[in-house]
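run-v1.cif follows (mmCIF, C-alpha atoms):
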```cif
data_target
loop_
_atom_site.label_atom_id
_atom_site.label_comp_id
_atom_site.auth_asym_id
_atom_site.auth_seq_id
_atom_site.Cartn_x
_atom_site.Cartn_y
_atom_site.Cartn_z
CA MET J 1 0.00 0.00 0.00
CA SER J 2 1.16 3.53 -0.77
CA ASN J 3 2.41 5.47 2.22
CA ASN J 4 0.22 8.45 1.35
CA THR J 5 -2.77 6.51 2.64
CA GLY J 6 -1.32 6.84 6.14
CA LYS J 7 -0.77 3.10 6.57
CA THR J 8 2.92 3.32 7.30
CA HIS J 9 3.39 1.14 10.39
CA SER J 10 0.55 -1.38 10.67
CA ASN J 11 1.44 -3.26 7.46
CA VAL J 12 3.62 -5.55 9.58
CA LEU J 13 0.55 -6.48 11.61
CA THR J 14 -2.16 -6.86 8.98
CA GLU J 15 -0.74 -7.26 5.46
CA GLY J 16 0.18 -10.42 3.55
CA ALA J 17 -0.67 -14.11 3.72
CA SER J 18 1.55 -14.61 6.77
CA ARG J 19 -0.70 -12.28 8.80
CA ALA J 20 -3.90 -14.29 8.25
CA ALA J 21 -3.99 -15.46 11.89
CA ALA J 22 -3.71 -11.90 13.19
CA ARG J 23 -6.47 -10.76 10.85
CA ALA J 24 -8.64 -13.73 11.90
CA MET J 25 -8.43 -12.70 15.55
CA LEU J 26 -9.19 -9.07 14.75
CA ARG J 27 -12.15 -10.12 12.61
CA GLY J 28 -13.37 -12.08 15.63
CA VAL J 29 -13.99 -8.82 17.52
CA GLY J 30 -15.83 -7.18 14.64
CA PHE J 31 -13.25 -5.66 12.30
CA SER J 32 -13.92 -6.37 8.64
CA LYS J 33 -11.46 -7.39 5.94
CA GLU J 34 -11.65 -3.85 4.59
CA ASP J 35 -11.08 -2.31 8.04
CA LEU J 36 -7.79 -4.14 8.44
CA HIS J 37 -6.32 -2.82 5.20
CA LYS J 38 -6.87 0.80 6.26
CA PRO J 39 -4.57 2.89 8.48
CA ILE J 40 -5.02 1.74 12.07
CA ILE J 41 -5.36 4.48 14.65
CA GLY J 42 -4.97 3.71 18.34
CA ILE J 43 -7.40 5.47 20.67
CA ALA J 44 -5.93 5.59 24.18
CA ASN J 45 -8.73 6.22 26.66
CA THR J 46 -8.27 7.13 30.33
CA TRP J 47 -11.94 6.45 31.11
CA THR J 48 -12.88 5.55 34.68
CA GLU J 49 -15.97 5.58 36.86
CA ILE J 50 -13.91 7.01 39.72
CA GLY J 51 -14.59 10.72 39.44
CA PRO J 52 -16.10 13.15 36.94
CA CYS J 53 -12.93 14.14 35.06
CA ASN J 54 -12.78 10.96 32.99
CA PHE J 55 -16.27 9.49 33.41
CA HIS J 56 -17.56 10.67 30.01
CA LEU J 57 -14.53 9.75 27.93
CA ARG J 58 -16.20 6.71 26.35
CA ASP J 59 -18.63 9.11 24.69
CA ILE J 60 -15.72 11.28 23.56
CA SER J 61 -14.01 8.18 22.18
CA GLU J 62 -17.07 7.15 20.15
CA ALA J 63 -17.08 10.56 18.49
CA VAL J 64 -13.32 10.40 17.80
CA LYS J 65 -13.70 6.92 16.28
CA GLN J 66 -16.51 8.15 14.09
CA GLY J 67 -14.23 10.89 12.78
CA VAL J 68 -11.40 8.43 12.11
CA ARG J 69 -13.73 6.15 10.13
CA GLU J 70 -15.12 9.08 8.15
CA ALA J 71 -11.56 10.02 7.16
CA GLY J 72 -10.69 6.52 5.98
CA GLY J 73 -9.04 4.97 9.02
CA THR J 74 -9.78 2.14 11.43
CA PRO J 75 -9.81 3.11 15.11
CA MET J 76 -8.85 0.62 17.81
CA GLU J 77 -9.60 1.73 21.34
CA PHE J 78 -7.69 0.65 24.43
CA ASN J 79 -7.78 1.76 28.05
CA THR J 80 -5.28 2.77 30.69
CA VAL J 81 -5.37 3.61 34.40
CA THR J 82 -5.92 6.99 36.00
CA ILE J 83 -5.99 8.51 39.49
CA SER J 84 -8.06 11.50 40.64
CA ASP J 85 -6.02 14.03 42.58
CA GLY J 86 -9.15 15.73 43.86
CA ILE J 87 -10.64 12.56 45.32
CA THR J 88 -7.45 11.08 46.78
CA MET J 89 -6.16 14.38 48.20
CA GLY J 90 -5.42 14.18 51.93
CA THR J 91 -5.23 10.38 51.92
CA GLU J 92 -2.54 7.76 51.39
CA GLY J 93 -3.93 7.36 47.87
CA MET J 94 -2.54 10.73 46.82
CA LYS J 95 0.91 9.12 46.75
CA ALA J 96 -0.30 7.11 43.74
CA SER J 97 -1.03 10.18 41.66
CA LEU J 98 2.37 11.19 40.30
CA ILE J 99 3.37 7.55 39.93
CA SER J 100 0.29 7.10 37.74
CA ARG J 101 1.71 9.61 35.24
CA GLU J 102 4.61 7.28 34.52
CA VAL J 103 2.41 4.16 34.44
CA ILE J 104 -0.05 5.82 32.03
CA ALA J 105 2.75 6.97 29.72
CA ASP J 106 4.33 3.50 29.83
CA SER J 107 1.04 1.73 29.12
CA ILE J 108 0.17 3.93 26.15
CA GLU J 109 3.66 3.46 24.73
CA LEU J 110 3.52 -0.30 25.28
CA VAL J 111 0.18 -0.82 23.52
CA ALA J 112 1.05 1.51 20.65
CA ARG J 113 4.42 -0.12 20.00
CA GLY J 114 2.99 -3.61 20.37
CA ASN J 115 0.27 -2.99 17.81
CA ALA J 116 2.22 -0.87 15.30
CA PHE J 117 -0.43 1.84 15.10
CA ASP J 118 -0.25 4.29 12.22
CA GLY J 119 -1.51 7.11 14.44
CA LEU J 120 -2.67 7.75 17.97
CA VAL J 121 -5.28 9.84 19.75
CA CYS J 122 -4.85 10.06 23.51
CA ILE J 123 -8.08 11.07 25.26
CA ALA J 124 -7.38 12.43 28.73
CA GLY J 125 -9.17 14.51 31.30
CA CYS J 126 -7.25 14.90 34.55
CA ASP J 127 -4.09 16.23 36.16
CA LYS J 128 -1.63 13.41 35.48
CA ASN J 129 -3.10 11.61 32.49
CA MET J 130 -2.75 14.62 30.18
CA PRO J 131 1.01 15.09 30.65
CA ALA J 132 1.33 11.30 30.58
CA ALA J 133 -0.38 11.19 27.19
CA ILE J 134 1.92 13.89 25.83
CA MET J 135 4.97 12.07 27.21
CA ALA J 136 3.87 8.89 25.44
CA LEU J 137 3.36 10.75 22.16
CA ALA J 138 6.86 12.21 22.51
CA ARG J 139 8.37 8.77 23.02
CA LEU J 140 6.48 7.09 20.19
CA ASP J 141 6.82 9.93 17.67
CA ILE J 142 4.06 8.59 15.46
CA PRO J 143 1.38 10.95 14.09
CA GLY J 144 -0.95 11.74 16.96
CA LEU J 145 -2.56 14.20 19.30
CA MET J 146 -3.85 14.64 22.82
CA LEU J 147 -7.55 15.45 23.16
CA TYR J 148 -8.85 16.92 26.42
CA GLY J 149 -12.15 15.54 27.74
CA GLY J 150 -13.16 19.06 28.72
CA SER J 151 -13.98 21.06 31.83
CA ILE J 152 -16.97 20.50 34.07
CA ALA J 153 -19.91 22.90 34.04
CA PRO J 154 -20.20 25.14 37.12
CA GLY J 155 -22.57 24.11 39.87
CA HIS J 156 -25.38 26.30 41.17
CA LEU J 157 -25.53 27.04 44.90
CA HIS J 158 -28.51 28.47 46.77
CA VAL J 159 -27.25 31.35 48.93
CA GLY J 160 -28.58 33.89 51.38
CA ALA J 161 -28.94 37.64 51.03
CA ASP J 162 -25.17 38.17 51.26
CA GLY J 163 -24.78 36.25 47.99
CA LYS J 164 -22.25 33.89 49.54
CA THR J 165 -23.51 31.92 52.56
CA PRO J 166 -25.17 28.59 51.63
CA GLU J 167 -28.90 28.67 52.30
CA PRO J 168 -30.85 25.55 51.26
CA GLY J 169 -34.14 26.46 49.63
CA SER J 170 -33.16 30.04 48.77
CA SER J 171 -34.23 31.38 45.38
CA LYS J 172 -30.89 33.16 44.91
CA GLU J 173 -28.19 31.16 43.14
CA ILE J 174 -24.51 31.61 42.34
CA ASP J 175 -22.10 29.55 40.20
CA ILE J 176 -19.58 27.45 42.13
CA THR J 177 -16.79 24.94 41.46
CA ILE J 178 -14.97 22.37 43.56
CA GLN J 179 -12.94 25.28 44.95
CA GLN J 180 -15.96 26.42 46.95
CA VAL J 181 -16.28 22.92 48.47
CA PHE J 182 -12.75 23.14 49.86
CA GLU J 183 -13.51 26.61 51.18
CA ALA J 184 -16.72 25.29 52.75
CA ILE J 185 -14.78 22.51 54.49
CA GLY J 186 -12.66 25.19 56.14
CA ALA J 187 -15.73 27.28 57.03
CA HIS J 188 -17.38 24.21 58.56
CA ALA J 189 -14.27 23.40 60.60
CA ALA J 190 -14.27 26.99 61.87
CA GLY J 191 -17.92 26.76 62.85
CA LYS J 192 -19.05 29.34 60.29
CA ILE J 193 -21.47 26.99 58.50
CA ASN J 194 -23.40 23.95 59.73
CA ASP J 195 -23.75 20.40 58.39
CA ALA J 196 -26.76 21.25 56.22
CA GLN J 197 -24.96 24.17 54.62
CA LEU J 198 -21.88 22.04 53.91
CA GLU J 199 -24.15 19.42 52.37
CA GLU J 200 -25.72 22.08 50.15
CA VAL J 201 -22.29 23.04 48.80
CA GLU J 202 -21.17 19.43 48.40
CA ALA J 203 -24.31 18.45 46.50
CA SER J 204 -24.19 21.45 44.19
CA ALA J 205 -20.57 21.81 43.09
CA CYS J 206 -20.24 19.04 40.48
CA PRO J 207 -23.34 18.85 38.25
CA GLY J 208 -21.89 16.26 35.87
CA PRO J 209 -18.75 15.01 34.11
CA GLY J 210 -15.69 17.09 33.34
CA ALA J 211 -12.48 18.23 34.98
CA CYS J 212 -12.36 20.77 37.83
CA GLY J 213 -13.51 24.11 36.45
CA GLY J 214 -10.81 26.56 37.51
CA GLN J 215 -7.34 27.02 36.03
CA PHE J 216 -6.15 24.15 38.17
CA THR J 217 -3.77 21.48 36.84
CA ALA J 218 -6.18 19.81 34.41
CA ASN J 219 -7.23 22.96 32.58
CA THR J 220 -3.68 24.30 32.75
CA MET J 221 -2.24 21.21 31.06
CA ALA J 222 -5.06 21.13 28.50
CA MET J 223 -4.19 24.72 27.55
CA ALA J 224 -0.46 23.92 27.60
CA GLY J 225 -1.16 21.10 25.14
CA GLU J 226 -2.70 23.64 22.76
CA PHE J 227 0.34 25.90 22.97
CA LEU J 228 2.70 22.96 22.61
CA GLY J 229 0.83 22.28 19.37
CA ILE J 230 0.01 18.67 20.30
CA SER J 231 -3.67 19.36 21.09
CA PRO J 232 -5.98 20.89 18.47
CA ILE J 233 -6.50 24.48 19.59
CA GLN J 234 -10.16 25.41 20.26
CA LEU J 235 -11.40 21.84 19.62
CA THR J 236 -9.82 20.40 22.75
CA GLY J 237 -11.07 23.19 25.04
CA VAL J 238 -14.79 22.65 24.42
CA PRO J 239 -16.31 21.87 27.85
CA ALA J 240 -17.23 18.28 28.63
CA MET J 241 -21.00 18.60 28.43
CA ASP J 242 -21.16 21.34 25.79
CA ALA J 243 -23.39 20.55 22.81
CA ALA J 244 -20.41 21.16 20.54
CA LYS J 245 -18.19 18.52 22.22
CA HIS J 246 -19.29 15.62 20.00
CA GLU J 247 -18.51 17.41 16.75
CA ALA J 248 -15.24 18.78 18.14
CA SER J 249 -14.16 15.25 19.07
CA ARG J 250 -15.25 13.94 15.68
CA ALA J 251 -13.13 16.63 14.03
CA ALA J 252 -10.15 15.50 16.12
CA GLY J 253 -10.64 11.99 14.73
CA ARG J 254 -10.56 13.31 11.18
CA LEU J 255 -7.52 15.41 12.04
CA VAL J 256 -5.40 12.47 13.16
CA MET J 257 -5.90 10.94 9.72
CA ASP J 258 -4.51 14.12 8.16
CA LEU J 259 -1.48 13.75 10.42
CA ALA J 260 -1.04 10.09 9.47
CA ARG J 261 -1.12 10.94 5.77
CA SER J 262 1.21 13.92 6.05
CA GLY J 263 3.64 12.13 8.35
CA LEU J 264 3.80 15.06 10.79
CA THR J 265 4.95 13.68 14.14
CA PRO J 266 5.02 14.98 17.73
CA ARG J 267 8.76 15.66 17.74
CA GLN J 268 8.37 17.87 14.68
CA ILE J 269 5.65 19.81 16.52
CA MET J 270 6.94 19.94 20.10
CA THR J 271 10.18 21.90 20.05
CA ARG J 272 12.09 24.15 22.43
CA GLN J 273 10.12 27.09 21.06
CA SER J 274 6.75 25.40 21.57
CA LEU J 275 7.73 24.58 25.16
CA GLU J 276 8.48 28.28 25.68
CA ASN J 277 5.06 29.10 24.20
CA ALA J 278 3.41 26.71 26.65
CA ILE J 279 5.28 28.23 29.61
CA ALA J 280 4.26 31.75 28.57
CA ALA J 281 0.63 30.66 28.26
CA VAL J 282 0.68 29.07 31.72
CA CYS J 283 2.08 32.28 33.20
CA ALA J 284 -0.36 34.52 31.32
CA SER J 285 -3.35 32.45 32.40
CA GLY J 286 -2.39 32.18 36.08
CA GLY J 287 -2.09 28.43 35.63
CA SER J 288 -1.10 25.71 38.05
CA THR J 289 2.51 25.55 39.23
CA ASN J 290 2.26 21.80 38.56
CA ALA J 291 2.83 22.75 34.93
CA VAL J 292 6.50 23.19 35.86
CA LEU J 293 6.70 19.57 36.99
CA HIS J 294 4.95 18.26 33.88
CA LEU J 295 6.59 20.43 31.22
CA LEU J 296 10.01 19.48 32.58
CA ALA J 297 9.04 15.81 32.21
CA ILE J 298 7.73 16.36 28.68
CA ALA J 299 10.92 18.21 27.72
CA SER J 300 12.95 15.30 29.08
CA GLU J 301 11.02 12.85 26.88
CA LEU J 302 11.76 15.11 23.90
CA ASP J 303 15.47 15.31 24.82
CA ILE J 304 15.15 19.10 25.04
CA PRO J 305 17.10 20.87 27.83
CA LEU J 306 14.71 22.81 30.09
CA THR J 307 15.30 24.09 33.62
CA MET J 308 13.58 26.03 36.38
CA ASP J 309 15.59 29.07 35.28
CA ASP J 310 13.75 29.03 31.96
CA PHE J 311 10.43 29.24 33.78
CA ASP J 312 11.70 32.13 35.89
CA GLN J 313 12.91 34.09 32.88
CA ILE J 314 9.70 33.62 30.89
CA SER J 315 7.54 34.35 33.94
CA ALA J 316 9.40 37.59 34.63
CA ARG J 317 8.47 39.03 31.23
CA THR J 318 4.94 37.62 30.97
CA PRO J 319 1.96 39.57 32.36
CA LEU J 320 -1.08 37.95 33.93
CA ILE J 321 -3.72 38.26 31.20
CA CYS J 322 -6.55 35.94 32.29
CA ASP J 323 -8.86 36.40 35.27
CA LEU J 324 -9.37 32.74 36.12
CA GLN J 325 -9.99 30.86 39.36
CA PRO J 326 -8.48 30.03 41.78
CA GLY J 327 -6.91 33.49 41.94
CA GLY J 328 -9.47 35.19 39.70
CA HIS J 329 -13.17 35.19 39.02
CA PHE J 330 -13.89 33.05 35.95
CA VAL J 331 -13.75 29.35 35.04
CA ALA J 332 -12.66 27.29 32.03
CA LYS J 333 -16.00 27.42 30.25
CA ASP J 334 -15.82 31.22 30.40
CA TYR J 335 -12.30 31.13 28.94
CA GLN J 336 -13.46 28.98 26.03
CA GLN J 337 -16.60 31.07 25.51
CA ALA J 338 -14.55 34.29 25.42
CA GLY J 339 -12.46 32.93 22.54
CA GLY J 340 -10.23 30.40 24.26
CA SER J 341 -6.58 29.78 23.54
CA ARG J 342 -6.63 31.50 20.16
CA VAL J 343 -7.37 34.79 21.92
CA LEU J 344 -4.63 34.19 24.50
CA ALA J 345 -2.26 33.32 21.65
CA LYS J 346 -3.18 36.59 19.93
CA ARG J 347 -2.45 38.54 23.13
CA LEU J 348 0.97 36.90 23.44
CA LEU J 349 1.67 37.38 19.75
CA ASP J 350 0.87 41.09 20.03
CA ARG J 351 3.45 41.31 22.83
CA GLY J 352 6.07 39.50 20.77
CA GLN J 353 5.99 36.53 23.15
CA LEU J 354 4.79 33.76 20.84
CA HIS J 355 7.15 31.76 18.64
CA ASN J 356 5.69 30.68 15.30
CA THR J 357 5.57 26.91 15.77
CA PRO J 358 3.63 24.11 14.02
CA THR J 359 0.49 22.53 15.47
CA VAL J 360 -1.51 19.38 14.82
CA SER J 361 -4.14 21.43 12.98
CA GLY J 362 -1.71 21.94 10.10
CA ARG J 363 -1.62 25.65 10.86
CA THR J 364 1.10 27.41 12.80
CA ILE J 365 0.31 28.93 16.19
CA HIS J 366 0.56 32.39 14.61
CA GLU J 367 -2.05 31.37 12.03
CA GLU J 368 -4.27 30.06 14.82
CA ALA J 369 -3.86 33.37 16.66
CA GLY J 370 -4.94 35.12 13.47
CA LEU J 371 -8.27 33.25 13.67
CA ALA J 372 -9.00 34.56 17.18
CA GLU J 373 -12.52 35.83 17.80
CA GLU J 374 -13.02 37.38 21.20
CA THR J 375 -16.56 37.53 22.51
CA GLN J 376 -17.73 40.15 24.98
CA GLY J 377 -19.77 39.77 28.15
#
```

Please, can you express the file's structure as structure tokens?
Amino acid sequence: MSNNTGKTHSNVLTEGASRAAARAMLRGVGFSKEDLHKPIIGIANTWTEIGPCNFHLRDISEAVKQGVREAGGTPMEFNTVTISDGITMGTEGMKASLISREVIADSIELVARGNAFDGLVCIAGCDKNMPAAIMALARLDIPGLMLYGGSIAPGHLHVGADGKTPEPGSSKEIDITIQQVFEAIGAHAAGKINDAQLEEVEASACPGPGACGGQFTANTMAMAGEFLGISPIQLTGVPAMDAAKHEASRAAGRLVMDLARSGLTPRQIMTRQSLENAIAAVCASGGSTNAVLHLLAIASELDIPLTMDDFDQISARTPLICDLQPGGHFVAKDYQQAGGSRVLAKRLLDRGQLHNTPTVSGRTIHEEAGLAEETQG
């Protein structure tokens, strides 16, 4: 088969008379003869029932697979582990979190190498599985991308006349995130709210699937992925339960087929300059300091020298542009609604702080910035 179809690696698995046994087993789980002669795209899924960040990723995966099929490929989904920082925090289980990053990266690499995929989409939705996915893509260097599962919608809390104190049954509501639950735990411990008020906050904060809504580690690393160029800018930031999420995920599936056919790989996309773009974006958005930990690990996988001094130097010249929780007022859905990472890229470009690097969309980051549309309100 011609390489311009995108089937550049999986021939060793599926082509020729000697591979009849392999094809027979794959046909046993529903793949057709025709399916197996198309480019094979691995879909790494960090789905779990343990927590909202990754709970909906099977739905995301179905949309991605639909897009891959529409673009002429055959998707093959596989799973990996994940740990919720938010749930395990304050317990012995939190010690598993950073270790999980390495296990997730290893497992994605292992399955992808073992099955000679022609391309790879890593679907991730939480603090450690997103950097893990990017680390695996860096190691494998086959056409691929990381797709964020999306942020959670804000909860709605009934409050009293002060607009802040929980008041079950009140007609006045405010938007809240998991941040307000942690604050309520402290208020309860200090005797400022009672059990019923704490319950009201707890029951209201997480209305469905998606990652924690502020510019905590998950949303920070999702945005960093866009500026690294390894996540499709604007598509990946659509919130988890947004009506547009299905089509955005479908588009990501079609996009990975473009990458497979063009031969553009993660190491061609993620360079020293794209790492500097990601650092600048983290600083400008008031992102999580955990980005330092993860971007250093990603740089190491790419064999690119990066130190704490680089973060200090970029931080010193980068203004805070976004007004996002936990230090600000707004949440990830507001960021996306206001124009998302294209608008932030435009702001950095206008300041001369954005290198012109490639992205998985086929456009450079400067071209993506040129498509920015900022909404008001």

Practice task
Starting from the displayed file, determine the output of the PyMOL selection byres ((chain J and resi 34) around 12) and express the residue list as a ChimeraX atom specification.
Solution key: /J:14-15,23,26-27,30-33,35-40,69,72-74

Practice task
Write out as a PyMOL selection string each polymer residue whose atoms come within 7 Å of segment 281-285 of chain J, counting all atoms listed in the file; drop sequence neighbours fewer than 3 positions from it.
Solution key: chain J and resi 220+224+277-278+315+318-322

Pull C-alpha atoms from the residues just selected and write them as an mmCIF file, in the coordinates of the input.
```
data_model
loop_
_atom_site.group_PDB
_atom_site.id
_atom_site.type_symbol
_atom_site.label_atom_id
_atom_site.label_comp_id
_atom_site.auth_asym_id
_atom_site.auth_seq_id
_atom_site.Cartn_x
_atom_site.Cartn_y
_atom_site.Cartn_z
ATOM 1 C CA THR J 220 -3.680 24.300 32.750
ATOM 2 C CA ALA J 224 -0.460 23.920 27.600
ATOM 3 C CA ASN J 277 5.060 29.100 24.200
ATOM 4 C CA ALA J 278 3.410 26.710 26.650
ATOM 5 C CA SER J 315 7.540 34.350 33.940
ATOM 6 C CA THR J 318 4.940 37.620 30.970
ATOM 7 C CA PRO J 319 1.960 39.570 32.360
ATOM 8 C CA LEU J 320 -1.080 37.950 33.930
ATOM 9 C CA ILE J 321 -3.720 38.260 31.200
ATOM 10 C CA CYS J 322 -6.550 35.940 32.290
#
```

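The interatomic distance for the pair atom CA of Glu62 of chain J and atom CA of Ala112 of chain J works out to 19.0 Å.
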
Handout entry: Near-segment 289-292 of chain J list (7 Å; all atoms listed in the file; drop same-chain fewer than 3 positions) as a PyMOL selection string
Key = chain J and resi 217+221+295-296

Calculate, to one decimal in Å, the centre and edge lengths of the box along x, y and z of the file that holds all listed atoms of segment 153-158 of chain J with 6 Å of margin on each side, and present them as lines of an AutoDock Vina configuration file.
```
center_x = -24.2
center_y = 25.7
center_z = 40.4
size_x = 20.6
size_y = 17.6
size_z = 24.7
```

Exercise for the section: Give me, please, the distance in Å between atom CA of Glu77 of chain J and atom CA of Ala297 of chain J, quoted to one decimal. Expected result: 25.8 Å

Exercise for the section: Step by step, work through what the PyMOL selection byres ((chain J and resi 274) around 10) selects in the shown file, and finish by giving those residues as a PyMOL selection string. Expected result: chain J and resi 224-230+269-273+275-280+354-359+365

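Against the coordinates shown, the PyMOL selection byres ((chain J and resi 366-374) around 8) returns Ile233, Ala338, Gly339, Arg342, Val343, Leu344, Ala345, Lys346, Leu349, Leu354, His355, Asn356, Thr357, Arg363, Thr364, Ile365, Thr375 and Gln376 of chain J.
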
Preceding selection exported with C-alpha atoms as a compact mmCIF listing (two decimals), in the coordinates of the input:
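Dumped to out22.txt:
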```txt
# COMPACT_ATOMS: atom_id res chain seq x y z
CA ILE J 233 -6.50 24.48 19.59
CA ALA J 338 -14.55 34.29 25.42
CA GLY J 339 -12.46 32.93 22.54
CA ARG J 342 -6.63 31.50 20.16
CA VAL J 343 -7.37 34.79 21.92
CA LEU J 344 -4.63 34.19 24.50
CA ALA J 345 -2.26 33.32 21.65
CA LYS J 346 -3.18 36.59 19.93
CA LEU J 349 1.67 37.38 19.75
CA LEU J 354 4.79 33.76 20.84
CA HIS J 355 7.15 31.76 18.64
CA ASN J 356 5.69 30.68 15.30
CA THR J 357 5.57 26.91 15.77
CA ARG J 363 -1.62 25.65 10.86
CA THR J 364 1.10 27.41 12.80
CA ILE J 365 0.31 28.93 16.19
CA THR J 375 -16.56 37.53 22.51
CA GLN J 376 -17.73 40.15 24.98
```

Completion exercise
Among J:Ala136, J:Lys192, J:Ser204, J:Ala105, His158 of chain J is approached most closely, using all atoms listed in the file, by J:Ser204

Practice task
Do a neighbour search on Asp175 of chain J at 9 Å with all atoms listed in the file, toss out local chain neighbours closer than 6 positions, and write the hits as a PyMOL selection string.
Solution key: chain J and resi 154-157+205

Could you make a table, as a tab-separated table, of the residues of segment 41-156 of chain J that have an atom within 6 Å of an atom of segment 251-263 of chain J, each with its nearest atom pair and distance in Å to one decimal, counting all atoms listed in the file, in chain and number order?
```
residue	atom	partner	partner_atom	distance
J:Val64	CA	J:Gly253	CA	4.4
J:Gly67	CA	J:Gly253	CA	4.2
J:Val68	CA	J:Gly253	CA	4.5
J:Ala71	CA	J:Arg254	CA	5.3
J:Gly119	CA	J:Ala260	CA	5.8
J:Pro143	CA	J:Ala260	CA	5.3
J:Gly144	CA	J:Val256	CA	5.9
```

Identify, on the basis of only C-alpha atoms, every residue whose closest approach to Gly169 of chain J does not exceed 12 Å; exclude the query and any residue fewer than 3 positions from it along the same chain; express the result as a tab-separated table (two decimals) with C-alpha atoms, keeping the file's coordinate frame.
```
chain	number	residue	atom	x	y	z
J	157	LEU	CA	-25.53	27.04	44.90
J	158	HIS	CA	-28.51	28.47	46.77
J	159	VAL	CA	-27.25	31.35	48.93
J	160	GLY	CA	-28.58	33.89	51.38
J	166	PRO	CA	-25.17	28.59	51.63
J	172	LYS	CA	-30.89	33.16	44.91
J	173	GLU	CA	-28.19	31.16	43.14
J	196	ALA	CA	-26.76	21.25	56.22
J	197	GLN	CA	-24.96	24.17	54.62
J	200	GLU	CA	-25.72	22.08	50.15
```

Practice task
Would you please work out which residue, of J:Ile142, J:Ile123, J:Pro52, J:Ser18, is nearest to Pro266 of chain J when using all atoms listed in the file?
Solution key: J:Ile142

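Residue neighbourhood of Leu198 of chain J, excluding near-sequence residues (fewer than 3 positions): Pro166, Val181, Ala184, Ile185, His188, Ile193, Asn194, Asp195, Val201 and Glu202 of chain J, at 8 Å, using all atoms listed in the file.
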
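With atom CA of Ala153 of chain J on one side and atom CA of Lys245 of chain J on the other, the separation reads 12.7 Å.
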
Repaired coordinates for segment 296-311 of chain J (N, CA and C atoms) as an mmCIF file, in the coordinates of the input:
```cif
data_model
loop_
_atom_site.group_PDB
_atom_site.id
_atom_site.type_symbol
_atom_site.label_atom_id
_atom_site.label_comp_id
_atom_site.auth_asym_id
_atom_site.auth_seq_id
_atom_site.Cartn_x
_atom_site.Cartn_y
_atom_site.Cartn_z
ATOM 1 N N LEU J 296 8.647 19.990 32.460
ATOM 2 C CA LEU J 296 10.010 19.480 32.580
ATOM 3 C C LEU J 296 10.081 18.008 32.168
ATOM 4 N N ALA J 297 9.069 17.236 32.571
ATOM 5 C CA ALA J 297 9.040 15.810 32.210
ATOM 6 C C ALA J 297 8.836 15.628 30.707
ATOM 7 N N ILE J 298 7.961 16.438 30.123
ATOM 8 C CA ILE J 298 7.730 16.360 28.680
ATOM 9 C C ILE J 298 8.994 16.738 27.918
ATOM 10 N N ALA J 299 9.663 17.801 28.362
ATOM 11 C CA ALA J 299 10.920 18.210 27.720
ATOM 12 C C ALA J 299 11.957 17.094 27.793
ATOM 13 N N SER J 300 12.012 16.405 28.921
ATOM 14 C CA SER J 300 12.950 15.300 29.080
ATOM 15 C C SER J 300 12.676 14.197 28.072
ATOM 16 N N GLU J 301 11.390 13.875 27.859
ATOM 17 C CA GLU J 301 11.020 12.850 26.880
ATOM 18 C C GLU J 301 11.414 13.274 25.459
ATOM 19 N N LEU J 302 11.414 14.580 25.214
ATOM 20 C CA LEU J 302 11.760 15.110 23.900
ATOM 21 C C LEU J 302 13.265 15.338 23.740
ATOM 22 N N ASP J 303 14.023 15.064 24.811
ATOM 23 C CA ASP J 303 15.470 15.310 24.820
ATOM 24 C C ASP J 303 15.799 16.776 24.584
ATOM 25 N N ILE J 304 14.960 17.660 25.152
ATOM 26 C CA ILE J 304 15.150 19.100 25.040
ATOM 27 C C ILE J 304 15.551 19.642 26.409
ATOM 28 N N PRO J 305 16.690 20.299 26.535
ATOM 29 C CA PRO J 305 17.100 20.870 27.830
ATOM 30 C C PRO J 305 16.095 21.929 28.279
ATOM 31 N N LEU J 306 15.647 21.830 29.516
ATOM 32 C CA LEU J 306 14.710 22.810 30.090
ATOM 33 C C LEU J 306 14.937 22.802 31.595
ATOM 34 N N THR J 307 15.027 23.994 32.193
ATOM 35 C CA THR J 307 15.300 24.090 33.620
ATOM 36 C C THR J 307 14.335 25.060 34.289
ATOM 37 N N MET J 308 14.386 25.087 35.616
ATOM 38 C CA MET J 308 13.580 26.030 36.380
ATOM 39 C C MET J 308 13.922 27.473 36.014
ATOM 40 N N ASP J 309 15.180 27.718 35.667
ATOM 41 C CA ASP J 309 15.590 29.070 35.280
ATOM 42 C C ASP J 309 14.823 29.561 34.057
ATOM 43 N N ASP J 310 14.517 28.650 33.148
ATOM 44 C CA ASP J 310 13.750 29.030 31.960
ATOM 45 C C ASP J 310 12.356 29.500 32.344
ATOM 46 N N PHE J 311 11.755 28.825 33.304
ATOM 47 C CA PHE J 311 10.430 29.240 33.780
ATOM 48 C C PHE J 311 10.503 30.620 34.424
#
```
